$ cat entry_14.pdb   # PDB, C-alpha atoms
ATOM      1  CA  MET A  16      11.714   8.023  19.535  1.00  0.00           C
ATOM      2  CA  LYS A  17      10.384   8.545  16.045  1.00  0.00           C
ATOM      3  CA  ASP A  18       6.838   7.423  15.298  1.00  0.00           C
ATOM      4  CA  LYS A  19       6.791   4.099  13.440  1.00  0.00           C
ATOM      5  CA  LEU A  20       4.890   5.493  10.464  1.00  0.00           C
ATOM      6  CA  ASP A  21       7.343   8.407  10.226  1.00  0.00           C
ATOM      7  CA  GLN A  22      10.183   5.886  10.316  1.00  0.00           C
ATOM      8  CA  ILE A  23       8.614   3.765   7.561  1.00  0.00           C
ATOM      9  CA  PHE A  24       8.131   6.824   5.353  1.00  0.00           C
ATOM     10  CA  ASP A  25      11.711   7.955   5.978  1.00  0.00           C
ATOM     11  CA  LEU A  26      13.174   4.531   5.189  1.00  0.00           C
ATOM     12  CA  GLN A  27      11.094   4.187   2.016  1.00  0.00           C
ATOM     13  CA  LYS A  28      12.076   7.673   0.854  1.00  0.00           C
ATOM     14  CA  ARG A  29      15.767   6.819   1.281  1.00  0.00           C
ATOM     15  CA  LEU A  30      15.299   3.496  -0.515  1.00  0.00           C
ATOM     16  CA  ASN A  31      13.518   5.225  -3.397  1.00  0.00           C
ATOM     17  CA  VAL A  32      16.283   7.830  -3.725  1.00  0.00           C
ATOM     18  CA  ARG A  33      18.879   5.032  -3.883  1.00  0.00           C
ATOM     19  CA  ALA A  34      16.775   3.471  -6.651  1.00  0.00           C
ATOM     20  CA  GLY A  35      16.684   6.759  -8.568  1.00  0.00           C
ATOM     21  CA  VAL A  36      13.185   7.825  -7.518  1.00  0.00           C
ATOM     22  CA  ASP A  37      13.686  11.244  -5.935  1.00  0.00           C
ATOM     23  CA  VAL A  38      10.414  13.170  -5.883  1.00  0.00           C
ATOM     24  CA  THR A  39      12.208  16.413  -5.015  1.00  0.00           C
ATOM     25  CA  THR A  40      13.843  16.518  -8.458  1.00  0.00           C
ATOM     26  CA  MET A  41      11.040  15.079 -10.619  1.00  0.00           C
ATOM     27  CA  THR A  42       8.976  16.831 -13.205  1.00  0.00           C
ATOM     28  CA  PHE A  43       5.224  16.337 -13.172  1.00  0.00           C
ATOM     29  CA  THR A  44       5.500  13.881 -16.081  1.00  0.00           C
ATOM     30  CA  GLU A  45       8.241  11.864 -14.355  1.00  0.00           C
ATOM     31  CA  ARG A  46       6.132  11.703 -11.218  1.00  0.00           C
ATOM     32  CA  GLN A  47       3.158  10.421 -13.249  1.00  0.00           C
ATOM     33  CA  ASP A  48       5.375   7.805 -14.929  1.00  0.00           C
ATOM     34  CA  TRP A  49       6.605   6.522 -11.560  1.00  0.00           C
ATOM     35  CA  MET A  50       3.076   6.463 -10.177  1.00  0.00           C
ATOM     36  CA  LEU A  51       2.048   4.260 -13.091  1.00  0.00           C
ATOM     37  CA  LYS A  52       5.053   1.975 -12.548  1.00  0.00           C
ATOM     38  CA  PHE A  53       4.276   1.606  -8.835  1.00  0.00           C
ATOM     39  CA  ALA A  54       0.556   1.089  -9.522  1.00  0.00           C
ATOM     40  CA  LEU A  55       1.334  -1.675 -12.029  1.00  0.00           C
ATOM     41  CA  ALA A  56       3.798  -3.234  -9.590  1.00  0.00           C
ATOM     42  CA  THR A  57       0.998  -3.217  -7.017  1.00  0.00           C
ATOM     43  CA  TYR A  58      -1.115  -5.354  -9.370  1.00  0.00           C
ATOM     44  CA  GLN A  59       1.766  -7.806  -9.653  1.00  0.00           C
ATOM     45  CA  GLU A  60       2.240  -7.997  -5.892  1.00  0.00           C
ATOM     46  CA  LEU A  61      -1.506  -8.532  -5.410  1.00  0.00           C
ATOM     47  CA  ALA A  62      -1.325 -11.419  -7.883  1.00  0.00           C
ATOM     48  CA  GLU A  63       1.596 -12.877  -5.925  1.00  0.00           C
ATOM     49  CA  LEU A  64      -0.365 -12.477  -2.682  1.00  0.00           C
ATOM     50  CA  THR A  65      -3.321 -14.257  -4.279  1.00  0.00           C
ATOM     51  CA  GLU A  66      -1.043 -17.147  -5.187  1.00  0.00           C
ATOM     52  CA  THR A  67      -0.175 -17.630  -1.498  1.00  0.00           C
ATOM     53  CA  LEU A  68      -3.835 -18.111  -0.605  1.00  0.00           C
ATOM     54  CA  PRO A  69      -5.416 -21.551  -0.451  1.00  0.00           C
ATOM     55  CA  TYR A  70      -8.321 -20.869  -2.813  1.00  0.00           C
ATOM     56  CA  ARG A  71      -8.707 -22.683  -6.101  1.00  0.00           C
ATOM     57  CA  TRP A  72     -12.258 -23.046  -7.364  1.00  0.00           C
ATOM     58  CA  TRP A  73     -11.524 -26.361  -9.083  1.00  0.00           C
ATOM     59  CA  HIS A  74     -10.132 -28.348  -6.136  1.00  0.00           C
ATOM     60  CA  LYS A  75      -9.944 -28.640  -2.360  1.00  0.00           C
ATOM     61  CA  ARG A  76      -8.267 -25.990  -0.298  1.00  0.00           C
ATOM     62  CA  LYS A  77      -4.583 -26.400   0.361  1.00  0.00           C
ATOM     63  CA  SER A  78      -2.792 -25.059   3.402  1.00  0.00           C
ATOM     64  CA  PHE A  79      -2.324 -21.320   3.778  1.00  0.00           C
ATOM     65  CA  ASN A  80       1.241 -20.086   3.254  1.00  0.00           C
ATOM     66  CA  GLN A  81       1.100 -17.319   5.852  1.00  0.00           C
ATOM     67  CA  SER A  82       4.830 -16.584   5.707  1.00  0.00           C
ATOM     68  CA  ALA A  83       4.742 -15.962   1.950  1.00  0.00           C
ATOM     69  CA  ALA A  84       1.574 -13.878   2.342  1.00  0.00           C
ATOM     70  CA  LYS A  85       3.299 -11.650   4.905  1.00  0.00           C
ATOM     71  CA  THR A  86       6.177 -11.074   2.481  1.00  0.00           C
ATOM     72  CA  GLU A  87       3.765 -10.028  -0.272  1.00  0.00           C
ATOM     73  CA  VAL A  88       1.860  -7.694   2.065  1.00  0.00           C
ATOM     74  CA  ILE A  89       5.135  -5.965   2.979  1.00  0.00           C
ATOM     75  CA  ASP A  90       5.998  -5.665  -0.724  1.00  0.00           C
ATOM     76  CA  LEU A  91       2.617  -3.968  -1.158  1.00  0.00           C
ATOM     77  CA  LEU A  92       3.328  -1.649   1.764  1.00  0.00           C
ATOM     78  CA  HIS A  93       6.582  -0.533   0.125  1.00  0.00           C
ATOM     79  CA  LEU A  94       4.666   0.342  -3.023  1.00  0.00           C
ATOM     80  CA  VAL A  95       1.826   2.086  -1.210  1.00  0.00           C
ATOM     81  CA  ILE A  96       4.229   4.247   0.795  1.00  0.00           C
ATOM     82  CA  SER A  97       6.034   5.115  -2.444  1.00  0.00           C
ATOM     83  CA  LEU A  98       2.719   6.099  -4.032  1.00  0.00           C
ATOM     84  CA  CYS A  99       1.915   8.229  -0.993  1.00  0.00           C
ATOM     85  CA  GLU A 100       5.215  10.032  -1.414  1.00  0.00           C
ATOM     86  CA  LEU A 101       4.636  10.551  -5.143  1.00  0.00           C
ATOM     87  CA  THR A 102       1.248  12.134  -4.420  1.00  0.00           C
ATOM     88  CA  GLY A 103       2.819  14.517  -1.907  1.00  0.00           C
ATOM     89  CA  MET A 104       1.699  12.697   1.223  1.00  0.00           C
ATOM     90  CA  ASP A 105       3.921  12.333   4.274  1.00  0.00           C
ATOM     91  CA  ALA A 106       3.268  10.165   7.327  1.00  0.00           C
ATOM     92  CA  ASP A 107       1.124  12.842   9.006  1.00  0.00           C
ATOM     93  CA  THR A 108      -1.028  13.449   5.923  1.00  0.00           C
ATOM     94  CA  THR A 109      -1.396   9.719   5.310  1.00  0.00           C
ATOM     95  CA  SER A 110      -2.441   9.148   8.904  1.00  0.00           C
ATOM     96  CA  GLU A 111      -4.907  12.042   8.827  1.00  0.00           C
ATOM     97  CA  LEU A 112      -6.503  10.899   5.557  1.00  0.00           C
ATOM     98  CA  TYR A 113      -6.602   7.283   6.727  1.00  0.00           C
ATOM     99  CA  LEU A 114      -8.378   8.238   9.949  1.00  0.00           C
ATOM    100  CA  ARG A 115     -10.870  10.394   8.036  1.00  0.00           C
ATOM    101  CA  LYS A 116     -11.618   7.525   5.623  1.00  0.00           C
ATOM    102  CA  HIS A 117     -11.814   5.069   8.548  1.00  0.00           C
ATOM    103  CA  ARG A 118     -14.462   7.188  10.263  1.00  0.00           C
ATOM    104  CA  LEU A 119     -16.416   7.385   6.992  1.00  0.00           C
ATOM    105  CA  ASN A 120     -16.238   3.606   6.552  1.00  0.00           C
ATOM    106  CA  LEU A 121     -17.435   3.069  10.139  1.00  0.00           C
ATOM    107  CA  SER A 122     -20.335   5.418   9.505  1.00  0.00           C
ATOM    108  CA  ARG A 123     -21.271   3.546   6.335  1.00  0.00           C
ATOM    109  CA  LEU A 124     -21.176   0.225   8.191  1.00  0.00           C
ATOM    110  CA  ARG A 125     -23.397   1.566  10.948  1.00  0.00           C
ATOM    111  CA  ARG A 126     -25.937   2.822   8.399  1.00  0.00           C
ATOM    112  CA  ARG A 127     -25.845  -0.507   6.561  1.00  0.00           C
ATOM    113  CA  HIS A 128     -26.438  -2.463   9.771  1.00  0.00           C
ATOM    114  CA  ARG A 129     -29.317  -0.190  10.791  1.00  0.00           C
ATOM    115  CA  SER A 130     -31.029  -0.664   7.443  1.00  0.00           C
ATOM    116  CA  ARG A 131     -31.167  -4.455   7.790  1.00  0.00           C
TER     117      ARG A 131
END
$ encode --input "entry_14.pdb" --output "structure tokens"
Amino acid sequence: MKDKLDQIFDLQKRLNVRAGVDVTTMTFTERQDWMLKFALATYQELAELTETLPYRWWHKRKSFNQSAAKTEVIDLLHLVISLCELTGMDADTTSELYLRKHRLNLSRLRRRHRSR
């Protein structure tokens, strides 16, 4: 069975091609344009995620809309996977770079805790 991350990358690639975003046929400038579009869409999805959260500085907390938040997180995942593809990253490269960054973040946390 295919690895889940491989499957997600494959599905997103096929969805992007159906939407006219085929990295195999893009020029460098087209790739940059799509990266900007996806990055801006990420801002929008983050704003929508923020709207699902119960924080408002001017009044009491309301209930947390977890279902809506999950939808927005998945929208963000679609965009992030698309950005990975546009930067030439596949599931293996993404996993490798994530694990490298994760180890670095753990190391930073350990140093921060030791310095307290």
$ atom_distance --input "entry_14.pdb" --atom1 "atom CA of Asp48 of chain A" --atom2 "atom CA of Val36 of chain A"
10.8 Å
$ closest_residue --input "entry_14.pdb" --among "A:Val32, A:Leu20, A:Leu61, A:Leu51" --to "Thr86 of chain A" --atoms "all atoms listed in the file"
A:Leu61
$ closest_residue --input "entry_14.pdb" --among "A:His93, A:Arg131, A:Arg115, A:Lys77" --to "Phe24 of chain A" --atoms "only C-alpha atoms"
A:His93
$ closest_residue --input "entry_14.pdb" --among "A:Leu94, A:Glu66, A:Lys28, A:Ile89" --to "Lys52 of chain A" --atoms "only C-alpha atoms"
A:Leu94
$ atom_distance --input "entry_14.pdb" --atom1 "atom CA of Glu63 of chain A" --atom2 "atom CA of Glu87 of chain A"
6.7 Å
